[in-house]
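A.B. asks: Dropping the structure in here first, questions after.
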Amino acid sequence: MTAHSAHDGLRVVFMGTSCFSLTSLEALLEAGISVVAVYAQAPKPAGRNYRMQKSVVMEFAEAEGIPVHTPKTLRSADQLELFRSLQANVAVVASYGLIVPQSIIDVPTMGFINVHASLLPRWRGASPIRSAILAGDAKTGITIMRMDAGVDTGDIMAMQSVDIGPKVNHGELEKRLGFLGAEMVVDVLSHLDAYVAQTRKQSEDGVAYAPKIDKESCRIDWNDSAENILRKIMAFSPSPGAWGEVDGIRLKILDAEVLENDVAVKIGCIADGPVVKCRQKSLRLTLVQPAGKNIMSGEDFLRGRCRLLGMVIK
RNA sequence: CGCGGGGUAGAGCAGUCCGGUAGCUCAUCAGGCUCAUAACCUGAAGGUCGUUGGUUCAAAUCCUUCCCCCGCAA
């Protein structure tokens, strides 16, 4: 590290909450960039017994001794005042989860920079990675943009794509994109003037919004092709997990493989393997988790539960 | 005090209600069969039944203490 890096003099405020954002925060610190404050979503009661849980970003920032702010909203005069007092000249946002009002965006001289996990304008919104997998996209990537008041509508500073492998799950892809985003955001901050100069507007074509996911959208409809179901499994693996219900128990399916040769049973019916018949082709369940149990292989799952053979997953 | 499931051999489970020899399916090892095999046959090894205390002639099982894992919900 040279004594006078290109990012000398930057005072960065970081805003993020998830593991995806944490990777970027870590990279900023590692690059010697001065992060003067961190914003993360407020701890909320979560998990068993409703214990208050801090986000990973908050935990990390506290451990690093960086001041952490966890407002429930940024739309207040107090928050604007607080943000001004930080005297940041640039802010980095990565899957923060709160809307940043224009009044705050206007504060830093170099503006707000957002790390988004898709090839914008495709998959603006909250779950870009899942959406890309669900749609069967061949590739996705990271876009670094100048944030504006819209949802992921800002001008693009940098973009890099990665291939979505034939069988990559959300967890793996998120991790990969997290590293790429971290690398890119460090590079952008290190050569800010150059990136600002090449900023361009988003295309009007190919706009797509990533829908919010809920429990029911994670449920598997076996009356679909094996390929589509597999995408769904991958998009929700390892968390929250695509699921079905057999014999009164909830079963998450975390990994599977398409079998070309059809098994001659009803749709949704479990055959040895375990193999489940879909509308087209079949799926062999390779990694599952019954409610209340640990994650196990499909074979293990069936081992002590032979009675499930021939039953239908709903 | 949010609701609920679970901890029994390396793995997945049954047995618990109603106390009485520790079981099943796999994996492992040995032998056999086979041109051959992840197939088949025979046999073996492998458990302080999560922990503490109690009840009992006798506890995986009933009562009790604590620990750990997980699903839902948020």
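In the structure tokens, chains take letters A, B, ... by order of appearance, with residues numbered from 1 within each chain and ligands from 1 in the order shown.
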Write out as a ChimeraX atom specification every residue belonging to chain A that has an atom at most 8 Å from any atom of chain B, counting only C-alpha atoms (C1' of nucleotides).

C.D. replies: /A:45-47,49-50,290-294,300-305

A.B. asks: Keeping only all heavy atoms, write the selected residues to a file as a tab-separated table (two decimals), in the first residue's frame.

C.D. replies:
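Resulting contents of out08.tsv:
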chain	number	residue	atom	x	y	z
A	45	PRO	N	-36.30	-8.45	16.99
A	45	PRO	CA	-36.54	-9.75	17.61
A	45	PRO	C	-36.64	-10.80	16.51
A	45	PRO	O	-37.45	-10.67	15.60
A	45	PRO	CB	-37.87	-9.58	18.35
A	45	PRO	CG	-38.50	-8.37	17.77
A	45	PRO	CD	-37.40	-7.53	17.23
A	46	ALA	N	-35.81	-11.82	16.60
A	46	ALA	CA	-35.81	-12.84	15.56
A	46	ALA	C	-35.38	-14.17	16.14
A	46	ALA	O	-34.87	-14.23	17.25
A	46	ALA	CB	-34.86	-12.44	14.43
A	47	GLY	N	-35.63	-15.23	15.43
A	47	GLY	CA	-35.22	-16.54	15.88
A	47	GLY	C	-36.08	-17.03	17.02
A	47	GLY	O	-37.06	-16.39	17.40
A	49	ASN	N	-37.59	-17.74	20.56
A	49	ASN	CA	-37.75	-16.92	21.76
A	49	ASN	C	-37.66	-15.43	21.47
A	49	ASN	O	-37.54	-14.63	22.38
A	49	ASN	CB	-36.72	-17.29	22.83
A	49	ASN	CG	-36.81	-18.75	23.21
A	49	ASN	OD1	-37.86	-19.36	23.08
A	49	ASN	ND2	-35.72	-19.31	23.64
A	50	TYR	N	-37.68	-15.06	20.19
A	50	TYR	CA	-37.67	-13.65	19.83
A	50	TYR	C	-36.52	-12.87	20.44
A	50	TYR	O	-36.71	-11.77	20.94
A	50	TYR	CB	-38.99	-12.99	20.23
A	50	TYR	CG	-40.10	-13.31	19.28
A	50	TYR	CD1	-41.12	-14.17	19.62
A	50	TYR	CD2	-40.11	-12.74	18.00
A	50	TYR	CE1	-42.13	-14.47	18.72
A	50	TYR	CE2	-41.13	-13.03	17.11
A	50	TYR	CZ	-42.13	-13.90	17.48
A	50	TYR	OH	-43.13	-14.18	16.61
A	290	PRO	N	-36.11	-32.43	6.64
A	290	PRO	CA	-37.46	-32.54	7.20
A	290	PRO	C	-37.58	-31.54	8.35
A	290	PRO	O	-36.59	-31.26	9.02
A	290	PRO	CB	-37.51	-33.97	7.74
A	290	PRO	CG	-36.22	-34.62	7.38
A	290	PRO	CD	-35.26	-33.56	7.02
A	291	ALA	N	-38.79	-31.03	8.56
A	291	ALA	CA	-39.02	-30.09	9.66
A	291	ALA	C	-38.56	-30.69	10.97
A	291	ALA	O	-38.88	-31.82	11.29
A	291	ALA	CB	-40.48	-29.73	9.73
A	292	GLY	N	-37.80	-29.96	11.73
A	292	GLY	CA	-37.35	-30.42	13.04
A	292	GLY	C	-36.09	-31.25	13.00
A	292	GLY	O	-35.59	-31.67	14.03
A	293	LYS	N	-35.58	-31.52	11.79
A	293	LYS	CA	-34.41	-32.36	11.66
A	293	LYS	C	-33.28	-31.61	10.97
A	293	LYS	O	-33.46	-30.54	10.43
A	293	LYS	CB	-34.75	-33.60	10.83
A	293	LYS	CG	-35.68	-34.54	11.55
A	293	LYS	CD	-34.98	-35.12	12.75
A	293	LYS	CE	-35.66	-36.40	13.22
A	293	LYS	NZ	-34.89	-37.05	14.27
A	294	ASN	N	-32.12	-32.21	11.02
A	294	ASN	CA	-30.99	-31.62	10.34
A	294	ASN	C	-31.05	-31.90	8.85
A	294	ASN	O	-31.81	-32.75	8.40
A	294	ASN	CB	-29.68	-32.17	10.91
A	294	ASN	CG	-29.29	-31.47	12.20
A	294	ASN	OD1	-29.26	-30.24	12.26
A	294	ASN	ND2	-29.01	-32.24	13.22
A	300	ASP	N	-30.57	-40.90	2.92
A	300	ASP	CA	-30.73	-41.01	4.36
A	300	ASP	C	-32.17	-40.72	4.76
A	300	ASP	O	-32.72	-41.40	5.63
A	300	ASP	CB	-29.80	-40.04	5.10
A	300	ASP	CG	-28.37	-40.55	5.15
A	300	ASP	OD1	-28.18	-41.73	4.80
A	300	ASP	OD2	-27.47	-39.80	5.50
A	301	PHE	N	-32.73	-39.72	4.13
A	301	PHE	CA	-34.09	-39.33	4.46
A	301	PHE	C	-35.04	-40.51	4.28
A	301	PHE	O	-35.89	-40.78	5.12
A	301	PHE	CB	-34.54	-38.17	3.58
A	301	PHE	CG	-36.00	-37.86	3.70
A	301	PHE	CD1	-36.51	-37.31	4.87
A	301	PHE	CD2	-36.87	-38.14	2.66
A	301	PHE	CE1	-37.86	-37.02	4.99
A	301	PHE	CE2	-38.22	-37.86	2.78
A	301	PHE	CZ	-38.72	-37.30	3.94
A	302	LEU	N	-34.84	-41.23	3.21
A	302	LEU	CA	-35.74	-42.33	2.89
A	302	LEU	C	-35.44	-43.57	3.73
A	302	LEU	O	-36.32	-44.39	3.97
A	302	LEU	CB	-35.61	-42.66	1.40
A	302	LEU	CG	-36.82	-43.26	0.71
A	302	LEU	CD1	-38.07	-42.45	0.98
A	302	LEU	CD2	-36.56	-43.36	-0.79
A	303	ARG	N	-34.19	-43.67	4.17
A	303	ARG	CA	-33.72	-44.88	4.86
A	303	ARG	C	-34.64	-45.28	6.02
A	303	ARG	O	-35.05	-46.42	6.12
A	303	ARG	CB	-32.31	-44.65	5.41
A	303	ARG	CG	-31.66	-45.91	5.93
A	303	ARG	CD	-30.59	-46.40	5.01
A	303	ARG	NE	-29.60	-45.39	4.71
A	303	ARG	CZ	-28.97	-45.30	3.54
A	303	ARG	NH1	-29.25	-46.14	2.58
A	303	ARG	NH2	-28.08	-44.38	3.34
A	304	GLY	N	-34.91	-44.32	6.87
A	304	GLY	CA	-35.74	-44.68	8.03
A	304	GLY	C	-37.21	-44.41	7.79
A	304	GLY	O	-38.00	-44.44	8.71
A	305	ARG	N	-37.56	-44.07	6.54
A	305	ARG	CA	-38.94	-43.67	6.25
A	305	ARG	C	-39.47	-44.34	4.99
A	305	ARG	O	-39.98	-43.68	4.09
A	305	ARG	CB	-39.00	-42.15	6.05
A	305	ARG	CG	-39.06	-41.39	7.35
A	305	ARG	CD	-38.81	-39.92	7.11
A	305	ARG	NE	-37.41	-39.61	7.36
A	305	ARG	CZ	-36.98	-38.77	8.28
A	305	ARG	NH1	-37.83	-38.08	8.98
A	305	ARG	NH2	-35.69	-38.58	8.47

A.B. asks: Using DSSP on the backbone coordinates, identify the residues of region 142-292 of chain A assigned to alpha helix (DSSP H); present them as number ranges by chain.

C.D. replies: A: 170-190, 192-197, 226-235

A.B. asks: Going by DSSP on the backbone, which residues of region 108-177 of chain A come out as strand (DSSP E or B)? List them as a ChimeraX atom specification.

C.D. replies: /A:112-116,124-125,139-146,155-163

A.B. asks: Filtering to N, CA, C and O atoms, could you give me those residues as a compact mmCIF listing (two decimals), in the first residue's frame?

C.D. replies:
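Saved as result-v2.txt:
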# COMPACT_ATOMS: atom_id res chain seq x y z
N PHE A 112 -23.82 9.06 -3.61
CA PHE A 112 -24.04 7.72 -3.10
C PHE A 112 -23.71 6.70 -4.19
O PHE A 112 -24.11 6.86 -5.34
N ILE A 113 -23.02 5.66 -3.79
CA ILE A 113 -22.68 4.59 -4.73
C ILE A 113 -23.36 3.32 -4.26
O ILE A 113 -23.31 2.98 -3.07
N ASN A 114 -24.01 2.63 -5.16
CA ASN A 114 -24.75 1.43 -4.81
C ASN A 114 -24.18 0.19 -5.49
O ASN A 114 -23.88 0.22 -6.68
N VAL A 115 -24.02 -0.88 -4.71
CA VAL A 115 -23.58 -2.16 -5.27
C VAL A 115 -24.81 -3.04 -5.41
O VAL A 115 -25.45 -3.37 -4.42
N HIS A 116 -25.13 -3.41 -6.64
CA HIS A 116 -26.34 -4.19 -6.87
C HIS A 116 -26.00 -5.48 -7.61
O HIS A 116 -25.24 -5.48 -8.56
N ARG A 124 -34.06 -5.14 -11.11
CA ARG A 124 -34.05 -4.12 -10.06
C ARG A 124 -34.84 -4.69 -8.90
O ARG A 124 -35.75 -5.49 -9.09
N GLY A 125 -34.52 -4.26 -7.69
CA GLY A 125 -35.35 -4.68 -6.56
C GLY A 125 -34.63 -5.54 -5.53
O GLY A 125 -33.40 -5.62 -5.52
N LYS A 139 -26.49 -15.66 -17.40
CA LYS A 139 -25.53 -14.90 -16.61
C LYS A 139 -26.20 -13.80 -15.81
O LYS A 139 -27.30 -13.35 -16.13
N THR A 140 -25.51 -13.40 -14.75
CA THR A 140 -25.93 -12.25 -13.97
C THR A 140 -24.67 -11.50 -13.64
O THR A 140 -23.66 -11.68 -14.31
N GLY A 141 -24.68 -10.65 -12.64
CA GLY A 141 -23.46 -9.92 -12.36
C GLY A 141 -23.64 -8.86 -11.32
O GLY A 141 -24.57 -8.90 -10.51
N ILE A 142 -22.71 -7.91 -11.34
CA ILE A 142 -22.71 -6.81 -10.38
C ILE A 142 -22.75 -5.50 -11.15
O ILE A 142 -22.04 -5.34 -12.14
N THR A 143 -23.61 -4.62 -10.70
CA THR A 143 -23.63 -3.28 -11.24
C THR A 143 -23.31 -2.30 -10.12
O THR A 143 -23.90 -2.39 -9.04
N ILE A 144 -22.37 -1.41 -10.37
CA ILE A 144 -22.11 -0.32 -9.44
C ILE A 144 -22.72 0.92 -10.05
O ILE A 144 -22.43 1.24 -11.21
N MET A 145 -23.59 1.57 -9.29
CA MET A 145 -24.26 2.75 -9.87
C MET A 145 -24.27 3.92 -8.90
O MET A 145 -24.05 3.75 -7.70
N ARG A 146 -24.54 5.06 -9.46
CA ARG A 146 -24.73 6.25 -8.64
C ARG A 146 -26.18 6.22 -8.21
O ARG A 146 -27.07 6.16 -9.04
N ASP A 155 -27.51 5.91 -12.47
CA ASP A 155 -26.59 5.78 -13.61
C ASP A 155 -25.46 4.81 -13.29
O ASP A 155 -24.95 4.75 -12.18
N ILE A 156 -25.08 4.06 -14.33
CA ILE A 156 -24.14 2.96 -14.15
C ILE A 156 -22.69 3.43 -14.22
O ILE A 156 -22.30 4.13 -15.14
N MET A 157 -21.90 3.03 -13.22
CA MET A 157 -20.47 3.37 -13.21
C MET A 157 -19.64 2.18 -13.68
O MET A 157 -18.61 2.35 -14.31
N ALA A 158 -20.07 0.99 -13.31
CA ALA A 158 -19.30 -0.20 -13.68
C ALA A 158 -20.21 -1.40 -13.66
O ALA A 158 -21.19 -1.44 -12.90
N MET A 159 -19.92 -2.37 -14.51
CA MET A 159 -20.74 -3.57 -14.56
C MET A 159 -19.87 -4.75 -14.97
O MET A 159 -19.03 -4.63 -15.86
N GLN A 160 -20.04 -5.87 -14.28
CA GLN A 160 -19.31 -7.08 -14.67
C GLN A 160 -20.26 -8.26 -14.56
O GLN A 160 -21.04 -8.34 -13.63
N SER A 161 -20.17 -9.15 -15.53
CA SER A 161 -21.07 -10.29 -15.51
C SER A 161 -20.35 -11.56 -15.08
O SER A 161 -19.14 -11.67 -15.21
N VAL A 162 -21.11 -12.48 -14.56
CA VAL A 162 -20.58 -13.82 -14.25
C VAL A 162 -21.58 -14.83 -14.80
O VAL A 162 -22.78 -14.56 -14.86
N ASP A 163 -21.06 -15.98 -15.20
CA ASP A 163 -21.94 -17.03 -15.69
C ASP A 163 -22.62 -17.70 -14.50
O ASP A 163 -22.00 -17.95 -13.48

A.B. asks: Do you know which residues are at most 8 Å from Leu285 (chain A) counting only C-alpha atoms (C1' of nucleotides), after dropping those on the same chain fewer than 4 positions away, and could you put them as a PyMOL selection string?

C.D. replies: chain A and resi 253+255-257+273-276+297-298

A.B. asks: Only all heavy atoms, please: the residues just picked out, written as a JSON list (two decimals), in the first residue's frame.

C.D. replies:
[["chain", "number", "residue", "atom", "x", "y", "z"],
["A", 253, "ILE", "N", -36.38, -29.00, 0.22],
["A", 253, "ILE", "CA", -35.53, -29.67, -0.74],
["A", 253, "ILE", "C", -34.43, -28.69, -1.13],
["A", 253, "ILE", "O", -34.70, -27.62, -1.67],
["A", 253, "ILE", "CB", -36.33, -30.14, -1.94],
["A", 253, "ILE", "CG1", -37.31, -31.22, -1.46],
["A", 253, "ILE", "CG2", -35.42, -30.70, -3.02],
["A", 253, "ILE", "CD1", -38.54, -31.33, -2.26],
["A", 255, "ASP", "N", -31.33, -29.62, -2.67],
["A", 255, "ASP", "CA", -30.58, -29.92, -3.89],
["A", 255, "ASP", "C", -31.24, -31.12, -4.56],
["A", 255, "ASP", "O", -31.84, -31.95, -3.89],
["A", 255, "ASP", "CB", -29.12, -30.23, -3.55],
["A", 255, "ASP", "CG", -28.21, -30.10, -4.78],
["A", 255, "ASP", "OD1", -28.72, -29.69, -5.85],
["A", 255, "ASP", "OD2", -27.02, -30.41, -4.67],
["A", 256, "ALA", "N", -31.10, -31.17, -5.87],
["A", 256, "ALA", "CA", -31.73, -32.25, -6.63],
["A", 256, "ALA", "C", -31.08, -32.34, -7.99],
["A", 256, "ALA", "O", -30.28, -31.48, -8.35],
["A", 256, "ALA", "CB", -33.23, -31.98, -6.78],
["A", 257, "GLU", "N", -31.41, -33.41, -8.71],
["A", 257, "GLU", "CA", -30.92, -33.49, -10.08],
["A", 257, "GLU", "C", -32.01, -34.04, -10.98],
["A", 257, "GLU", "O", -32.83, -34.86, -10.56],
["A", 257, "GLU", "CB", -29.64, -34.34, -10.15],
["A", 257, "GLU", "CG", -29.81, -35.76, -9.66],
["A", 257, "GLU", "CD", -28.47, -36.44, -9.45],
["A", 257, "GLU", "OE1", -27.47, -35.76, -9.22],
["A", 257, "GLU", "OE2", -28.45, -37.68, -9.54],
["A", 273, "GLY", "N", -35.15, -43.76, -4.45],
["A", 273, "GLY", "CA", -34.07, -42.90, -4.94],
["A", 273, "GLY", "C", -33.60, -41.87, -3.92],
["A", 273, "GLY", "O", -32.45, -41.86, -3.57],
["A", 274, "PRO", "N", -34.41, -40.99, -3.38],
["A", 274, "PRO", "CA", -35.82, -40.79, -3.74],
["A", 274, "PRO", "C", -35.98, -39.95, -5.00],
["A", 274, "PRO", "O", -35.27, -38.97, -5.19],
["A", 274, "PRO", "CB", -36.38, -40.04, -2.54],
["A", 274, "PRO", "CG", -35.21, -39.31, -1.96],
["A", 274, "PRO", "CD", -33.98, -40.08, -2.32],
["A", 275, "VAL", "N", -36.91, -40.37, -5.82],
["A", 275, "VAL", "CA", -37.21, -39.68, -7.07],
["A", 275, "VAL", "C", -38.65, -39.21, -7.03],
["A", 275, "VAL", "O", -39.52, -39.93, -6.57],
["A", 275, "VAL", "CB", -37.01, -40.64, -8.27],
["A", 275, "VAL", "CG1", -37.49, -39.98, -9.55],
["A", 275, "VAL", "CG2", -35.55, -41.05, -8.38],
["A", 276, "VAL", "N", -38.84, -37.98, -7.46],
["A", 276, "VAL", "CA", -40.21, -37.46, -7.51],
["A", 276, "VAL", "C", -40.57, -37.14, -8.95],
["A", 276, "VAL", "O", -39.81, -36.49, -9.67],
["A", 276, "VAL", "CB", -40.37, -36.19, -6.64],
["A", 276, "VAL", "CG1", -41.80, -35.68, -6.71],
["A", 276, "VAL", "CG2", -39.97, -36.47, -5.20],
["A", 297, "SER", "N", -28.99, -36.27, 3.36],
["A", 297, "SER", "CA", -29.08, -36.67, 1.96],
["A", 297, "SER", "C", -30.45, -37.28, 1.70],
["A", 297, "SER", "O", -31.12, -37.75, 2.62],
["A", 297, "SER", "CB", -27.99, -37.68, 1.62],
["A", 297, "SER", "OG", -28.31, -38.93, 2.20],
["A", 298, "GLY", "N", -30.86, -37.28, 0.46],
["A", 298, "GLY", "CA", -32.14, -37.86, 0.11],
["A", 298, "GLY", "C", -32.19, -39.34, 0.47],
["A", 298, "GLY", "O", -33.21, -39.83, 0.94]]

A.B. asks: Calculate how many Å separate CA of Glu299 (chain A) from C1' of A27 (chain B), rounding to one decimal.

C.D. replies: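 We find that CA of Glu299 (chain A) and C1' of A27 (chain B) lie 12.0 Å from each other.
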
A.B. asks: Need the shell around Ala61 (chain A): protein/DNA/RNA residues with any atom at most 10 Å away, counting only C-alpha atoms (C1' of nucleotides). Skip same-chain ones fewer than 3 positions apart. Format as JSON, numbers by chain?

C.D. replies: {"A": [14, 22, 25, 26, 35, 37, 38, 39, 40, 56, 57, 58, 64, 65, 66, 67, 68]}

A.B. asks: Based on the selection just made, write C-alpha atoms of those residues as a tab-separated table (two decimals), in the first residue's frame.

C.D. replies:
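The new file result.tsv reads:
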chain	number	residue	atom	x	y	z
A	14	PHE	CA	-21.14	2.42	4.52
A	22	LEU	CA	-20.44	-7.42	4.66
A	25	LEU	CA	-17.34	-3.53	3.96
A	26	GLU	CA	-14.51	-5.89	4.77
A	35	VAL	CA	-14.96	4.19	6.75
A	37	ALA	CA	-19.50	5.25	10.03
A	38	VAL	CA	-21.66	2.23	9.26
A	39	TYR	CA	-25.42	2.11	8.89
A	40	ALA	CA	-27.23	-1.19	9.29
A	56	VAL	CA	-23.84	-9.40	10.61
A	57	VAL	CA	-22.76	-5.97	9.40
A	58	MET	CA	-23.54	-4.41	12.76
A	64	GLU	CA	-13.88	-3.12	14.27
A	65	GLY	CA	-14.68	-0.16	16.46
A	66	ILE	CA	-16.54	1.76	13.76
A	67	PRO	CA	-19.48	3.86	14.90
A	68	VAL	CA	-22.71	2.08	13.93

A.B. asks: Kindly give the distance, in Å, that separates CA of Arg219 (chain A) and CA of Asp152 (chain A), rounded to a single decimal.

C.D. replies: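 Between CA of Arg219 (chain A) and CA of Asp152 (chain A) the gap is 28.1 Å.
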
A.B. asks: Determine, counting only C-alpha atoms (C1' of nucleotides), which protein, DNA and RNA residues have an atom within 10 Å of an atom of G7 (chain B); residues of the same chain fewer than 2 positions away are not included. Present the result as an mmCIF file with C-alpha atoms (C1' of nucleotides), in the first residue's frame.

C.D. replies:
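What landed in out34.cif:
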data_model
loop_
_atom_site.group_PDB
_atom_site.id
_atom_site.type_symbol
_atom_site.label_atom_id
_atom_site.label_comp_id
_atom_site.auth_asym_id
_atom_site.auth_seq_id
_atom_site.Cartn_x
_atom_site.Cartn_y
_atom_site.Cartn_z
ATOM 1 C "C1'" C B 49 -30.101 -45.029 24.645
ATOM 2 C "C1'" G B 50 -27.704 -36.343 25.295
ATOM 3 C "C1'" C B 68 -27.418 -29.503 22.543
ATOM 4 C "C1'" C B 69 -29.841 -29.657 17.372
#

A.B. asks: Tell me, as an mmCIF file with N, CA, C and O atoms, in the first residue's frame, which residues lie within 9 Å of Pro240 (chain A), counting only C-alpha atoms (C1' of nucleotides); anything in the same chain fewer than 5 positions away does not count.

C.D. replies:
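So result.cif came out as:
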data_model
loop_
_atom_site.group_PDB
_atom_site.id
_atom_site.type_symbol
_atom_site.label_atom_id
_atom_site.label_comp_id
_atom_site.auth_asym_id
_atom_site.auth_seq_id
_atom_site.Cartn_x
_atom_site.Cartn_y
_atom_site.Cartn_z
ATOM 1 N N LYS A 215 -43.356 -17.069 1.763
ATOM 2 C CA LYS A 215 -43.313 -18.510 2.024
ATOM 3 C C LYS A 215 -43.963 -19.311 0.897
ATOM 4 O O LYS A 215 -43.429 -20.315 0.450
ATOM 5 N N CYS A 218 -42.179 -20.202 -2.147
ATOM 6 C CA CYS A 218 -41.115 -21.194 -2.014
ATOM 7 C C CYS A 218 -41.655 -22.614 -2.118
ATOM 8 O O CYS A 218 -40.902 -23.577 -2.128
ATOM 9 N N LYS A 252 -38.048 -29.577 3.251
ATOM 10 C CA LYS A 252 -37.322 -28.644 2.399
ATOM 11 C C LYS A 252 -36.445 -29.443 1.457
ATOM 12 O O LYS A 252 -35.830 -30.430 1.863
#

A.B. asks: My list of candidates is B:C66, B:C17, B:C33, B:A38. Which is closest to U51 (chain B) when distances are computed with only C-alpha atoms (C1' of nucleotides)?

C.D. replies: B:C66

A.B. asks: Give me the residues within 12 Å of Gln79 (chain A) as number ranges by chain, counting only C-alpha atoms (C1' of nucleotides) and dropping any in the same chain fewer than 4 places off.

C.D. replies: A: 39, 69-75, 83-86, 100-101, 103-104, 107
